[in-house]
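Text of the file run_14.cif, holding mmCIF, N, CA and C atoms and all ligand atoms:
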data_input
loop_
_atom_site.label_atom_id
_atom_site.label_comp_id
_atom_site.auth_asym_id
_atom_site.auth_seq_id
_atom_site.Cartn_x
_atom_site.Cartn_y
_atom_site.Cartn_z
N MET A 1 11.06 -8.96 -10.31
CA MET A 1 9.75 -8.38 -10.58
C MET A 1 8.69 -9.08 -9.71
N TYR A 2 7.81 -8.27 -9.16
CA TYR A 2 6.74 -8.80 -8.32
C TYR A 2 5.39 -8.63 -9.00
N LYS A 3 4.52 -9.56 -8.71
CA LYS A 3 3.13 -9.42 -9.15
C LYS A 3 2.30 -9.04 -7.92
N ILE A 4 1.50 -8.01 -8.07
CA ILE A 4 0.65 -7.60 -6.96
C ILE A 4 -0.81 -7.61 -7.42
N LYS A 5 -1.59 -8.43 -6.73
CA LYS A 5 -3.03 -8.40 -6.99
C LYS A 5 -3.63 -7.30 -6.12
N VAL A 6 -4.28 -6.36 -6.76
CA VAL A 6 -4.83 -5.21 -6.06
C VAL A 6 -6.35 -5.27 -6.09
N SER A 7 -6.94 -5.33 -4.89
CA SER A 7 -8.40 -5.29 -4.77
C SER A 7 -8.79 -3.98 -4.10
N PHE A 8 -10.04 -3.62 -4.26
CA PHE A 8 -10.50 -2.31 -3.78
C PHE A 8 -11.72 -2.47 -2.90
N GLU A 9 -11.72 -1.76 -1.77
CA GLU A 9 -12.91 -1.77 -0.91
C GLU A 9 -14.06 -1.02 -1.55
N GLU A 10 -13.72 0.00 -2.31
CA GLU A 10 -14.73 0.85 -2.91
C GLU A 10 -15.50 0.05 -3.96
N ALA A 11 -16.82 0.17 -3.92
CA ALA A 11 -17.64 -0.58 -4.87
C ALA A 11 -17.36 -0.13 -6.29
N GLY A 12 -17.47 -1.07 -7.21
CA GLY A 12 -17.35 -0.71 -8.62
C GLY A 12 -15.95 -0.84 -9.18
N HIS A 13 -15.00 -1.26 -8.35
CA HIS A 13 -13.63 -1.43 -8.85
C HIS A 13 -13.27 -2.91 -8.85
N GLU A 14 -13.01 -3.44 -10.01
CA GLU A 14 -12.62 -4.84 -10.11
C GLU A 14 -11.15 -4.99 -9.70
N PRO A 15 -10.76 -6.15 -9.15
CA PRO A 15 -9.35 -6.38 -8.83
C PRO A 15 -8.49 -6.35 -10.10
N VAL A 16 -7.27 -5.89 -9.95
CA VAL A 16 -6.33 -5.89 -11.08
C VAL A 16 -5.02 -6.51 -10.61
N GLU A 17 -4.23 -6.94 -11.56
CA GLU A 17 -2.90 -7.47 -11.24
C GLU A 17 -1.86 -6.58 -11.90
N ILE A 18 -0.90 -6.13 -11.12
CA ILE A 18 0.14 -5.25 -11.67
C ILE A 18 1.50 -5.88 -11.44
N GLU A 19 2.48 -5.40 -12.19
CA GLU A 19 3.86 -5.84 -12.00
C GLU A 19 4.67 -4.67 -11.49
N VAL A 20 5.47 -4.94 -10.47
CA VAL A 20 6.25 -3.87 -9.83
C VAL A 20 7.68 -4.37 -9.64
N GLU A 21 8.63 -3.51 -9.97
CA GLU A 21 10.04 -3.88 -9.86
C GLU A 21 10.50 -3.86 -8.41
N ALA A 22 11.44 -4.73 -8.07
CA ALA A 22 12.10 -4.69 -6.77
C ALA A 22 12.71 -3.31 -6.58
N GLY A 23 12.74 -2.85 -5.34
CA GLY A 23 13.29 -1.53 -5.06
C GLY A 23 12.25 -0.45 -5.02
N HIS A 24 11.11 -0.71 -5.65
CA HIS A 24 10.00 0.24 -5.58
C HIS A 24 9.16 -0.07 -4.34
N SER A 25 8.48 0.94 -3.86
CA SER A 25 7.50 0.70 -2.81
C SER A 25 6.18 0.28 -3.47
N VAL A 26 5.32 -0.30 -2.66
CA VAL A 26 3.99 -0.64 -3.18
C VAL A 26 3.29 0.63 -3.66
N LEU A 27 3.47 1.74 -2.93
CA LEU A 27 2.86 3.00 -3.36
C LEU A 27 3.35 3.38 -4.76
N GLU A 28 4.65 3.33 -4.96
CA GLU A 28 5.19 3.68 -6.28
C GLU A 28 4.64 2.76 -7.36
N GLY A 29 4.53 1.47 -7.02
CA GLY A 29 3.99 0.52 -7.98
C GLY A 29 2.56 0.85 -8.37
N LEU A 30 1.76 1.24 -7.38
CA LEU A 30 0.37 1.60 -7.67
C LEU A 30 0.33 2.84 -8.56
N ILE A 31 1.10 3.84 -8.21
CA ILE A 31 1.09 5.10 -8.98
C ILE A 31 1.54 4.84 -10.41
N LEU A 32 2.60 4.06 -10.56
CA LEU A 32 3.11 3.78 -11.91
C LEU A 32 2.09 3.03 -12.76
N ASN A 33 1.15 2.38 -12.09
CA ASN A 33 0.11 1.66 -12.81
C ASN A 33 -1.23 2.41 -12.78
N ASP A 34 -1.14 3.70 -12.53
CA ASP A 34 -2.33 4.58 -12.58
C ASP A 34 -3.43 4.17 -11.62
N ILE A 35 -3.03 3.63 -10.46
CA ILE A 35 -4.01 3.30 -9.43
C ILE A 35 -3.93 4.36 -8.35
N HIS A 36 -5.06 4.96 -8.06
CA HIS A 36 -5.06 6.07 -7.11
C HIS A 36 -4.97 5.58 -5.67
N LEU A 37 -3.98 6.10 -4.96
CA LEU A 37 -3.90 5.92 -3.51
C LEU A 37 -3.37 7.25 -2.97
N ASN A 38 -4.08 7.81 -2.01
CA ASN A 38 -3.61 9.08 -1.45
C ASN A 38 -2.23 8.90 -0.84
N HIS A 39 -1.47 9.98 -0.85
CA HIS A 39 -0.13 9.94 -0.25
C HIS A 39 0.27 11.37 0.10
N ASN A 40 -0.45 11.89 1.07
CA ASN A 40 -0.36 13.32 1.35
C ASN A 40 1.01 13.81 1.77
N CYS A 41 1.79 12.95 2.45
CA CYS A 41 3.11 13.42 2.89
C CYS A 41 4.17 13.19 1.82
N GLY A 42 3.79 12.61 0.72
CA GLY A 42 4.76 12.38 -0.36
C GLY A 42 5.57 11.12 -0.18
N GLY A 43 5.16 10.25 0.73
CA GLY A 43 5.81 8.95 0.86
C GLY A 43 6.95 8.91 1.85
N VAL A 44 6.88 9.73 2.91
CA VAL A 44 7.99 9.76 3.87
C VAL A 44 7.55 9.32 5.28
N CYS A 45 6.50 8.52 5.36
CA CYS A 45 6.03 7.99 6.64
C CYS A 45 5.68 9.11 7.62
N ALA A 46 4.91 10.06 7.13
CA ALA A 46 4.52 11.18 7.99
C ALA A 46 3.02 11.47 7.88
N CYS A 47 2.26 10.49 7.42
CA CYS A 47 0.80 10.61 7.41
C CYS A 47 0.24 9.19 7.44
N SER A 48 -1.04 9.04 7.24
CA SER A 48 -1.58 7.68 7.18
C SER A 48 -2.46 7.49 5.94
N THR A 49 -2.35 8.39 5.00
CA THR A 49 -3.27 8.36 3.85
C THR A 49 -2.91 7.28 2.83
N CYS A 50 -1.72 6.71 2.90
CA CYS A 50 -1.36 5.63 1.96
C CYS A 50 -1.63 4.25 2.56
N HIS A 51 -2.51 4.24 3.56
CA HIS A 51 -2.85 3.00 4.27
C HIS A 51 -3.41 1.94 3.31
N ILE A 52 -2.88 0.73 3.42
CA ILE A 52 -3.39 -0.41 2.65
C ILE A 52 -3.46 -1.62 3.59
N TYR A 53 -4.11 -2.65 3.11
CA TYR A 53 -4.07 -3.94 3.79
C TYR A 53 -3.19 -4.86 2.95
N LEU A 54 -2.11 -5.32 3.56
CA LEU A 54 -1.21 -6.24 2.87
C LEU A 54 -1.64 -7.66 3.23
N GLU A 55 -2.42 -8.24 2.36
CA GLU A 55 -3.04 -9.55 2.64
C GLU A 55 -2.06 -10.70 2.46
N LYS A 56 -1.09 -10.48 1.57
CA LYS A 56 -0.15 -11.57 1.28
C LYS A 56 1.17 -10.96 0.81
N GLY A 57 2.28 -11.51 1.30
CA GLY A 57 3.58 -11.09 0.79
C GLY A 57 4.38 -10.22 1.74
N GLU A 58 4.06 -10.27 3.03
CA GLU A 58 4.78 -9.37 3.95
C GLU A 58 6.27 -9.68 4.01
N ASP A 59 6.65 -10.91 3.69
CA ASP A 59 8.08 -11.24 3.72
C ASP A 59 8.86 -10.58 2.58
N PHE A 60 8.16 -10.06 1.58
CA PHE A 60 8.84 -9.46 0.43
C PHE A 60 9.13 -7.98 0.62
N VAL A 61 8.64 -7.41 1.71
CA VAL A 61 8.79 -5.96 1.88
C VAL A 61 9.49 -5.65 3.20
N GLU A 62 9.95 -4.41 3.31
CA GLU A 62 10.57 -3.93 4.54
C GLU A 62 9.67 -4.20 5.74
N GLU A 63 10.29 -4.50 6.86
CA GLU A 63 9.50 -4.72 8.08
C GLU A 63 8.88 -3.41 8.56
N ILE A 64 7.81 -3.56 9.28
CA ILE A 64 7.12 -2.39 9.80
C ILE A 64 7.97 -1.74 10.90
N SER A 65 8.01 -0.42 10.89
CA SER A 65 8.77 0.32 11.90
C SER A 65 7.80 0.85 12.97
N ASP A 66 8.36 1.29 14.11
CA ASP A 66 7.52 1.86 15.16
C ASP A 66 6.80 3.09 14.65
N LYS A 67 7.51 3.88 13.86
CA LYS A 67 6.90 5.11 13.34
C LYS A 67 5.72 4.77 12.43
N GLU A 68 5.92 3.76 11.59
CA GLU A 68 4.82 3.35 10.70
C GLU A 68 3.62 2.88 11.52
N GLU A 69 3.89 2.10 12.57
CA GLU A 69 2.78 1.63 13.42
C GLU A 69 2.02 2.79 14.04
N ASP A 70 2.75 3.82 14.45
CA ASP A 70 2.09 4.99 15.04
C ASP A 70 1.13 5.63 14.05
N PHE A 71 1.56 5.75 12.80
CA PHE A 71 0.69 6.38 11.81
C PHE A 71 -0.47 5.46 11.41
N ILE A 72 -0.22 4.16 11.40
CA ILE A 72 -1.32 3.23 11.09
C ILE A 72 -2.42 3.33 12.14
N ASP A 73 -2.03 3.58 13.39
CA ASP A 73 -3.04 3.74 14.44
C ASP A 73 -4.00 4.88 14.14
N ARG A 74 -3.55 5.84 13.34
CA ARG A 74 -4.41 6.99 13.01
C ARG A 74 -5.17 6.79 11.71
N ALA A 75 -4.94 5.67 11.05
CA ALA A 75 -5.64 5.41 9.78
C ALA A 75 -7.09 5.01 10.05
N ILE A 76 -7.89 5.02 9.00
CA ILE A 76 -9.29 4.59 9.12
C ILE A 76 -9.32 3.06 9.10
N ASN A 77 -9.97 2.45 10.09
CA ASN A 77 -10.11 0.99 10.19
C ASN A 77 -8.80 0.22 10.09
N PRO A 78 -7.84 0.50 10.95
CA PRO A 78 -6.61 -0.29 10.90
C PRO A 78 -6.87 -1.74 11.30
N ARG A 79 -6.15 -2.64 10.66
CA ARG A 79 -6.26 -4.07 10.98
C ARG A 79 -4.85 -4.63 11.14
N ILE A 80 -4.77 -5.89 11.53
CA ILE A 80 -3.47 -6.50 11.79
C ILE A 80 -2.60 -6.49 10.53
N GLU A 81 -3.23 -6.57 9.35
CA GLU A 81 -2.46 -6.59 8.11
C GLU A 81 -2.27 -5.20 7.49
N SER A 82 -2.58 -4.16 8.28
CA SER A 82 -2.41 -2.80 7.78
C SER A 82 -0.95 -2.45 7.58
N ARG A 83 -0.68 -1.72 6.52
CA ARG A 83 0.65 -1.15 6.26
C ARG A 83 0.48 0.21 5.60
N LEU A 84 1.57 0.95 5.59
CA LEU A 84 1.62 2.17 4.79
C LEU A 84 2.32 1.81 3.49
N ALA A 85 1.65 2.04 2.38
CA ALA A 85 2.17 1.55 1.10
C ALA A 85 3.53 2.16 0.76
N CYS A 86 3.78 3.39 1.21
CA CYS A 86 5.07 4.02 0.88
C CYS A 86 6.23 3.36 1.62
N GLN A 87 5.92 2.65 2.70
CA GLN A 87 6.97 2.00 3.49
C GLN A 87 7.18 0.54 3.10
N CYS A 88 6.36 0.02 2.22
CA CYS A 88 6.47 -1.37 1.79
C CYS A 88 7.39 -1.44 0.56
N VAL A 89 8.68 -1.28 0.81
CA VAL A 89 9.65 -1.32 -0.29
C VAL A 89 9.99 -2.78 -0.58
N LEU A 90 9.90 -3.13 -1.83
CA LEU A 90 10.08 -4.53 -2.24
C LEU A 90 11.56 -4.91 -2.24
N HIS A 91 11.88 -5.99 -1.56
CA HIS A 91 13.24 -6.52 -1.53
C HIS A 91 13.64 -7.01 -2.92
N ASP A 92 14.95 -7.22 -3.11
CA ASP A 92 15.40 -7.88 -4.33
C ASP A 92 14.73 -9.23 -4.43
N GLY A 93 14.29 -9.60 -5.61
CA GLY A 93 13.68 -10.91 -5.77
C GLY A 93 12.40 -10.81 -6.55
N LYS A 94 11.56 -11.81 -6.35
CA LYS A 94 10.27 -11.83 -7.04
C LYS A 94 9.27 -12.61 -6.22
N GLY A 95 8.01 -12.42 -6.52
CA GLY A 95 6.98 -13.13 -5.78
C GLY A 95 5.63 -12.51 -6.03
N ASP A 96 4.65 -13.05 -5.32
CA ASP A 96 3.28 -12.59 -5.47
C ASP A 96 2.80 -11.94 -4.18
N LEU A 97 2.19 -10.80 -4.32
CA LEU A 97 1.60 -10.10 -3.17
C LEU A 97 0.13 -9.84 -3.46
N GLU A 98 -0.59 -9.57 -2.38
CA GLU A 98 -1.99 -9.16 -2.52
C GLU A 98 -2.24 -7.99 -1.59
N VAL A 99 -2.81 -6.95 -2.12
CA VAL A 99 -3.14 -5.80 -1.28
C VAL A 99 -4.60 -5.41 -1.52
N ILE A 100 -5.17 -4.81 -0.49
CA ILE A 100 -6.50 -4.21 -0.62
C ILE A 100 -6.35 -2.72 -0.39
N VAL A 101 -6.87 -1.94 -1.31
CA VAL A 101 -6.87 -0.49 -1.18
C VAL A 101 -8.16 -0.08 -0.48
N PRO A 102 -8.03 0.53 0.71
CA PRO A 102 -9.25 0.96 1.41
C PRO A 102 -10.00 2.02 0.60
N ASP A 103 -11.24 2.19 0.96
CA ASP A 103 -12.07 3.22 0.33
C ASP A 103 -11.39 4.59 0.53
N GLN A 104 -11.09 5.26 -0.56
CA GLN A 104 -10.38 6.53 -0.48
C GLN A 104 -11.31 7.73 -0.32
N SER A 105 -12.61 7.47 -0.40
CA SER A 105 -13.51 8.61 -0.47
C SER A 105 -13.62 9.39 0.84
N GLY A 106 -13.27 8.74 1.99
CA GLY A 106 -13.35 9.44 3.26
C GLY A 106 -12.09 10.19 3.63
N ILE A 107 -11.11 10.16 2.75
CA ILE A 107 -9.81 10.77 3.05
C ILE A 107 -9.74 12.13 2.37
N ILE A 108 -9.43 13.12 3.17
CA ILE A 108 -9.24 14.43 2.56
C ILE A 108 -7.78 14.49 2.11
N GLY A 109 -7.60 14.39 0.85
CA GLY A 109 -6.24 14.35 0.36
C GLY A 109 -6.13 14.98 -1.01
N HIS A 110 -5.00 14.82 -1.57
CA HIS A 110 -4.81 15.31 -2.93
C HIS A 110 -3.79 14.44 -3.61
N GLU A 111 -3.88 14.37 -4.90
CA GLU A 111 -2.96 13.54 -5.66
C GLU A 111 -1.72 14.35 -6.00
N HIS A 112 -0.60 13.67 -5.99
CA HIS A 112 0.65 14.34 -6.36
C HIS A 112 1.02 14.00 -7.78
S1 LIG B 1 2.41 8.79 1.95
FE1 LIG B 1 2.41 9.57 3.96
S2 LIG B 1 2.94 7.82 5.11
FE2 LIG B 1 2.90 7.06 3.09
#
Take the structure I supplied and represent it as structure tokens, if you would.
Amino acid sequence: MYKIKVSFEEAGHEPVEIEVEAGHSVLEGLILNDIHLNHNCGGVCACSTCHIYLEKGEDFVEEISDKEEDFIDRAINPRIESRLACQCVLHDGKGDLEVIVPDQSGIIGHEH
């Protein structure tokens, strides 16, 4: 089981801490904990709407792929710690991660 501290760029959202099982992606963990993050392609690395900043814990998740990097380039305000949450599948084990959810208001998306 992993602990993920989730902070939000959008004003008015306090940070929360969630627990996510190994084998789940960060996106799945957020959804299971009722935290909104767009995911227009349904989590198959074919959009950039699930963009997050992985501030801590990159060793606990799948490595970034070339395809993921291509889509991150199209995200709003990509940074060195940018990832696509659907591609951050948690390895077996446990640990602490920290993610920042970018402001979702500029993304034309829909919830699944
Ligand atoms: S949901 Fe589309 S890339 Fe993650």
Could you give me, as CSV, every segment 36-112 of chain A residue with an atom at most 6.5 Å from segment 1-6 of chain A, plus its closest atom pair and distance in Å to one decimal, counting only N, CA and C atoms, rows ordered by chain then number?
residue,atom,partner,partner_atom,distance
A:Gly93,C,A:Met1,N,4.4
A:Lys94,CA,A:Met1,C,4.1
A:Gly95,C,A:Lys3,N,4.1
A:Asp96,CA,A:Lys3,C,4.4
A:Leu97,C,A:Lys5,N,4.0
A:Glu98,CA,A:Lys5,N,4.3
A:Val99,N,A:Lys5,C,4.1
A:Ile100,CA,A:Val6,C,5.6
A:Val101,N,A:Val6,C,5.8
List every residue of chain A that has an atom at most 8 Å from any atom of ligand LIG 1 (chain B), and for each one report the closest atom pair and its distance in Å to one decimal, counting all atoms listed in the file, with rows sorted by chain and then by increasing residue number, as a Markdown table.
| residue | atom | partner | partner_atom | distance |
| --- | --- | --- | --- | --- |
| A:Leu27 | CA | B:LIG1 | FE2 | 7.6 |
| A:Leu37 | C | B:LIG1 | S1 | 7.7 |
| A:Asn38 | C | B:LIG1 | S1 | 5.4 |
| A:His39 | CA | B:LIG1 | S1 | 3.6 |
| A:Asn40 | N | B:LIG1 | S1 | 4.3 |
| A:Cys41 | N | B:LIG1 | FE1 | 3.8 |
| A:Gly42 | N | B:LIG1 | S1 | 4.2 |
| A:Gly43 | N | B:LIG1 | S1 | 3.3 |
| A:Val44 | N | B:LIG1 | FE1 | 4.6 |
| A:Cys45 | CA | B:LIG1 | S2 | 3.5 |
| A:Ala46 | N | B:LIG1 | S2 | 3.6 |
| A:Cys47 | N | B:LIG1 | FE1 | 3.6 |
| A:Ser48 | N | B:LIG1 | S2 | 4.7 |
| A:Thr49 | N | B:LIG1 | FE1 | 5.0 |
| A:Cys50 | CA | B:LIG1 | FE2 | 4.6 |
| A:His51 | N | B:LIG1 | FE2 | 6.1 |
| A:Glu68 | CA | B:LIG1 | S2 | 7.4 |
| A:Phe71 | CA | B:LIG1 | S2 | 7.2 |
| A:Ile72 | N | B:LIG1 | S2 | 7.9 |
| A:Arg83 | C | B:LIG1 | FE2 | 7.7 |
| A:Leu84 | C | B:LIG1 | FE2 | 5.3 |
| A:Ala85 | N | B:LIG1 | FE2 | 5.2 |
| A:Cys86 | N | B:LIG1 | FE2 | 4.2 |
| A:Gln87 | N | B:LIG1 | FE2 | 5.4 |
| A:Cys88 | N | B:LIG1 | FE2 | 7.9 |
Just list the residues in segment 40-76 of chain A DSSP gives strand (DSSP E) on the backbone, as a ChimeraX atom specification. /A:51-56
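Take atom N of Gly12 of chain A and atom C of Gly106 of chain A: the distance between them is 16.5 Å.
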Go ahead and compute the interatomic distance for atom CA of Asp103 of chain A and atom CA of Asp66 of chain A, in Å to one decimal. 24.6 Å
Straight-line distance linking atom N of Asn77 of chain A with atom N of Glu55 of chain A, stated in Å to one decimal: 15.2 Å
Based on DSSP run over this structure's backbone, return all residues of segment 21-92 of chain A in alpha helix (DSSP H), as JSON, numbers by chain. {"A": [26, 27, 28, 29, 30, 31, 32, 66, 67, 68, 69, 70, 71, 72, 73]}
Keeping only N, CA and C atoms, write those residues as a PDB file, keeping the file's coordinate frame.
ATOM      1  N   VAL A  26       5.320  -0.300  -2.660  1.00  0.00           N
ATOM      2  CA  VAL A  26       3.990  -0.640  -3.180  1.00  0.00           C
ATOM      3  C   VAL A  26       3.290   0.630  -3.660  1.00  0.00           C
ATOM      4  N   LEU A  27       3.470   1.740  -2.930  1.00  0.00           N
ATOM      5  CA  LEU A  27       2.860   3.000  -3.360  1.00  0.00           C
ATOM      6  C   LEU A  27       3.350   3.380  -4.760  1.00  0.00           C
ATOM      7  N   GLU A  28       4.650   3.330  -4.960  1.00  0.00           N
ATOM      8  CA  GLU A  28       5.190   3.680  -6.280  1.00  0.00           C
ATOM      9  C   GLU A  28       4.640   2.760  -7.360  1.00  0.00           C
ATOM     10  N   GLY A  29       4.530   1.470  -7.020  1.00  0.00           N
ATOM     11  CA  GLY A  29       3.990   0.520  -7.980  1.00  0.00           C
ATOM     12  C   GLY A  29       2.560   0.850  -8.370  1.00  0.00           C
ATOM     13  N   LEU A  30       1.760   1.240  -7.380  1.00  0.00           N
ATOM     14  CA  LEU A  30       0.370   1.600  -7.670  1.00  0.00           C
ATOM     15  C   LEU A  30       0.330   2.840  -8.560  1.00  0.00           C
ATOM     16  N   ILE A  31       1.100   3.840  -8.210  1.00  0.00           N
ATOM     17  CA  ILE A  31       1.090   5.100  -8.980  1.00  0.00           C
ATOM     18  C   ILE A  31       1.540   4.840 -10.410  1.00  0.00           C
ATOM     19  N   LEU A  32       2.600   4.060 -10.560  1.00  0.00           N
ATOM     20  CA  LEU A  32       3.110   3.780 -11.910  1.00  0.00           C
ATOM     21  C   LEU A  32       2.090   3.030 -12.760  1.00  0.00           C
ATOM     22  N   ASP A  66       8.360   1.290  14.110  1.00  0.00           N
ATOM     23  CA  ASP A  66       7.520   1.860  15.160  1.00  0.00           C
ATOM     24  C   ASP A  66       6.800   3.090  14.650  1.00  0.00           C
ATOM     25  N   LYS A  67       7.510   3.880  13.860  1.00  0.00           N
ATOM     26  CA  LYS A  67       6.900   5.110  13.340  1.00  0.00           C
ATOM     27  C   LYS A  67       5.720   4.770  12.430  1.00  0.00           C
ATOM     28  N   GLU A  68       5.920   3.760  11.590  1.00  0.00           N
ATOM     29  CA  GLU A  68       4.820   3.350  10.700  1.00  0.00           C
ATOM     30  C   GLU A  68       3.620   2.880  11.520  1.00  0.00           C
ATOM     31  N   GLU A  69       3.890   2.100  12.570  1.00  0.00           N
ATOM     32  CA  GLU A  69       2.780   1.630  13.420  1.00  0.00           C
ATOM     33  C   GLU A  69       2.020   2.790  14.040  1.00  0.00           C
ATOM     34  N   ASP A  70       2.750   3.820  14.450  1.00  0.00           N
ATOM     35  CA  ASP A  70       2.090   4.990  15.040  1.00  0.00           C
ATOM     36  C   ASP A  70       1.130   5.630  14.050  1.00  0.00           C
ATOM     37  N   PHE A  71       1.560   5.750  12.800  1.00  0.00           N
ATOM     38  CA  PHE A  71       0.690   6.380  11.810  1.00  0.00           C
ATOM     39  C   PHE A  71      -0.470   5.460  11.410  1.00  0.00           C
ATOM     40  N   ILE A  72      -0.220   4.160  11.400  1.00  0.00           N
ATOM     41  CA  ILE A  72      -1.320   3.230  11.090  1.00  0.00           C
ATOM     42  C   ILE A  72      -2.420   3.330  12.140  1.00  0.00           C
ATOM     43  N   ASP A  73      -2.030   3.580  13.390  1.00  0.00           N
ATOM     44  CA  ASP A  73      -3.040   3.740  14.440  1.00  0.00           C
ATOM     45  C   ASP A  73      -4.000   4.880  14.140  1.00  0.00           C
TER      46      ASP A  73
END
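Closest approach to Glu21 of chain A from the set A:Val61, A:Leu90, A:Ile52, A:Ile107 is made by A:Leu90, with distances taken over all atoms listed in the file.
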Using only N, CA and C atoms, pick whichever of A:Phe8, A:Arg74, A:Ser82, A:Pro15 has the shortest atom-to-atom distance to Tyr53 of chain A.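 Result for the nearest residue to Tyr53 of chain A: A:Ser82.
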Calculate, to one decimal in Å, the centre and edge lengths of the box along x, y and z of the file that holds all listed atoms of segment 12-17 of chain A with 8 Å of margin on each side, and present them as AutoDock Vina command-line options.
--center_x -9.7 --center_y -4.1 --center_z -9.6 --size_x 31.6 --size_y 22.8 --size_z 20.7
Could I see segment 85-91 of chain A restored to all heavy atoms, set down as a compact mmCIF listing (two decimals), keeping the file's coordinate frame?
# COMPACT_ATOMS: atom_id res chain seq x y z
N ALA A 85 1.65 2.04 2.38
CA ALA A 85 2.17 1.55 1.10
C ALA A 85 3.53 2.16 0.76
O ALA A 85 4.35 1.51 0.12
CB ALA A 85 1.17 1.86 -0.01
N CYS A 86 3.78 3.39 1.21
CA CYS A 86 5.07 4.02 0.88
C CYS A 86 6.23 3.36 1.62
O CYS A 86 7.39 3.52 1.22
CB CYS A 86 5.04 5.51 1.15
SG CYS A 86 4.96 5.96 2.90
N GLN A 87 5.92 2.65 2.70
CA GLN A 87 6.97 2.00 3.49
C GLN A 87 7.18 0.54 3.10
O GLN A 87 8.09 -0.11 3.61
CB GLN A 87 6.64 2.10 4.98
CG GLN A 87 6.52 3.53 5.47
CD GLN A 87 7.79 4.34 5.19
OE1 GLN A 87 8.86 4.01 5.69
NE2 GLN A 87 7.67 5.37 4.37
N CYS A 88 6.36 0.02 2.22
CA CYS A 88 6.47 -1.37 1.79
C CYS A 88 7.39 -1.44 0.56
O CYS A 88 6.93 -1.61 -0.57
CB CYS A 88 5.10 -1.94 1.44
SG CYS A 88 4.02 -2.11 2.86
N VAL A 89 8.68 -1.28 0.81
CA VAL A 89 9.65 -1.32 -0.29
C VAL A 89 9.99 -2.78 -0.58
O VAL A 89 10.32 -3.55 0.33
CB VAL A 89 10.92 -0.53 0.08
CG1 VAL A 89 11.95 -0.64 -1.03
CG2 VAL A 89 10.57 0.93 0.36
N LEU A 90 9.90 -3.13 -1.83
CA LEU A 90 10.08 -4.53 -2.24
C LEU A 90 11.56 -4.91 -2.24
O LEU A 90 12.40 -4.23 -2.85
CB LEU A 90 9.49 -4.74 -3.63
CG LEU A 90 7.96 -4.61 -3.68
CD1 LEU A 90 7.50 -4.27 -5.09
CD2 LEU A 90 7.32 -5.90 -3.21
N HIS A 91 11.88 -5.99 -1.56
CA HIS A 91 13.24 -6.52 -1.53
C HIS A 91 13.64 -7.01 -2.92
O HIS A 91 12.79 -7.26 -3.77
CB HIS A 91 13.34 -7.72 -0.58
CG HIS A 91 13.07 -7.39 0.84
ND1 HIS A 91 13.63 -6.32 1.49
CD2 HIS A 91 12.30 -8.03 1.75
CE1 HIS A 91 13.21 -6.31 2.75
NE2 HIS A 91 12.39 -7.32 2.94
